[in-house]
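Asker: Please read through the structure below; I'll follow up with questions.
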Amino acid sequence: MSNLVPSSSFIVLEYRSSRMPVQLATKQRSFRADQQFTIFLSHSCVTSQYIRRSEESRGKVSPRFGHAVRKRMTMAEDGAWTKALSCPLTWDTPEMTCMSLPLSTAGGVADELDSLPTPWHRLVDMITLAYSYLTEGRETDGVALLRNCYMMLLPQPFCQHDCAIIGEYRMALRHILDSFWAMVEWHRAPSTTALLRDFVKTITPFNELSPALQAAIHAVRGAVSRLQREISLACVARSLELNDREGEWHSMGGRLAATWAVKVQHLRTAHRLRPGPHTGLALATELAMKPKGRAEARQLLEEALRRYPDHPHVLTNAGDVLIQIRGLTKTTVAEAERLLGRCKAITGDKSYLHLRLAGLCRRQGGRSEEATRHYEEAIRLNPADAAMIRLYHLPNSPCDTCGRVCSDGNEGGEIRCHHERLARVYQHTLTSNTYA
């Protein structure tokens with residue numbers, strides 16, 4: 001069993017075959033449990049020192065993290081190992097870009113972390129957010145998220161979740177996180193240190209990982225590249241090519257597929273191979289689009305509510321599926337609002353819940369003032385998402401940044417305020433030929 005190395009930042013556990021008691025120590029508390037794990041402090045002393053040096057760094061990240069910094073480095077000596085690493089900062093290449101989420105979108109993603117189906121989805125979105133924060137000048141937030149991602153790789157009872165897919169692909173996630181951390185340091189250091197080289201040597205190169213682990217990394221890349229549909233499709237296709245027995249890759253394929261038949265085929269396979277809070281609802285949503293599929297969709301909806309009665313993802317989305325099956329009526333809207341109320345009792349008051357409630361008010365009609373109140377409450381709860389909410393749902397409200405009233409048009413060809421510019425850039429991203 002490895003000796004503990006003190007670290008003020010975080011620890012991770014490395015899987016071993018022996019059944020030995022483990023002693024987990026942090027700055028705040030200690031735990032003890034009999035697990036098939038031994039302590040491994042993020043590559044022992046190397047990463048422990050490495051993290052402390054990282055946190056003491058006062059360097060500022062450029063708006064597009066690494067691209068400007070990269071110019072002042074000598075790259076020849078590092079080219080071999082950077083190609084062996086796989087993470088968002090190595091995925092952004094001229095051949096295949098990896099577009100980070102704009103901050104105007106990241107706020108909504110962060111707000112919905114606790115409503116995601118599984119800890120796997122939460123971890124993937126945290127990696128996505130870390131990349132966004134690092135590329136948009138929020139280095140402290142990005143590094144903090146990376147540390148939290150490491151903590152999610154811990155087994156129970158330390159991480160407080162039981163997620164089979166994280167356990168199965170833990171080494172793939174570890175490769176991404178270690179690569180990410182190494183690249184962060186590499187980008188902001190004036191030269192590559194011996195400490196960093198030693199750290200990188202402990203990372204198994206991507207091409208030496210098993211096909212199943214490579215498939216998981218491709219899938220994470222597809223999720224991080226969510227604004228670039230063609231790239232996401234290519235990544236998921238590669239994941240399925242390497243491992244078509246993983247239900248989550250089929251679930252991603254179902255969401256991205258262009259035709260109804262292909263969507264249903266993937267989602268059925270996902271629900272059979274790795275059922276979860278999201279798989280039945282996703283399949284029910286597609287089946288409800290066809291009259292002949294609504295009976296089965298109703299069964300899937302009832303199954304999800306029975307198996308996951310208190311799951312935020314189910315409670316948040318079940319109302320929409322119900323309306324799709326039975327139509328928009330006072331009864332179905334009331335039931336959808338009741339389910340959202342149950343979710344609120346579990347998660348607390350959240351911006352995304354008010355956005356859902358506002359959407360129901362608008363769909364039902366005659367409740368525009370109530371919808372506006374929900375939108376305003378969503379802005380209060382998540383100010384980071386205010387720009388997008390105001391532009392897309394409250395276009396005639398004053399901008400929180402400049403106080404002007406923004407609308408879909410602009411005067412004299414000029415964009416009139418900061419958040420309108422953000423929204424237009426985001427809309428261009430979604431509609432361009434490159435990233436559609």
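The chains in the structure tokens are called A, B, ... from first to last as shown; in each chain the residues are counted from 1, and the ligands are counted from 1 in the order shown.
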Write out as number ranges by chain which residues come within 9 Å of A:Pro119 when counting only C-alpha atoms, dropping same-chain ones fewer than 5 positions away.

Answerer: A: 124, 152, 161-163, 165-166

Asker: Considering only C-alpha atoms, return as number ranges by chain whatever protein or nucleic-acid residues lie within 7 Å of stretch 77-92 of chain A, sequence-local ones (same chain, fewer than 6 positions apart) excluded.

Answerer: A: 98, 131, 176, 179-180, 183, 205-206

Asker: Name the residues in contact with A:Val109 at a cut-off of 9 Å, using only C-alpha atoms, excluding same-chain residues fewer than 2 positions from it; report them as number ranges by chain.

Answerer: A: 105-107, 111-113, 125-126, 129

Asker: Restricting the calculation to only C-alpha atoms: of A:Leu123, A:Leu103, A:Ile346, A:Arg373, which residue gets closest to A:Asp385?

Answerer: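 Of A:Leu123, A:Leu103, A:Ile346, A:Arg373, the one nearest A:Asp385 is A:Leu103, counting only C-alpha atoms.
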
Asker: Could you check the closest approach to A:Ala261 for each of A:Val236, A:Leu287, A:Leu173, A:Ala219 and tell me which residue wins, using only C-alpha atoms?

Answerer: A:Leu287
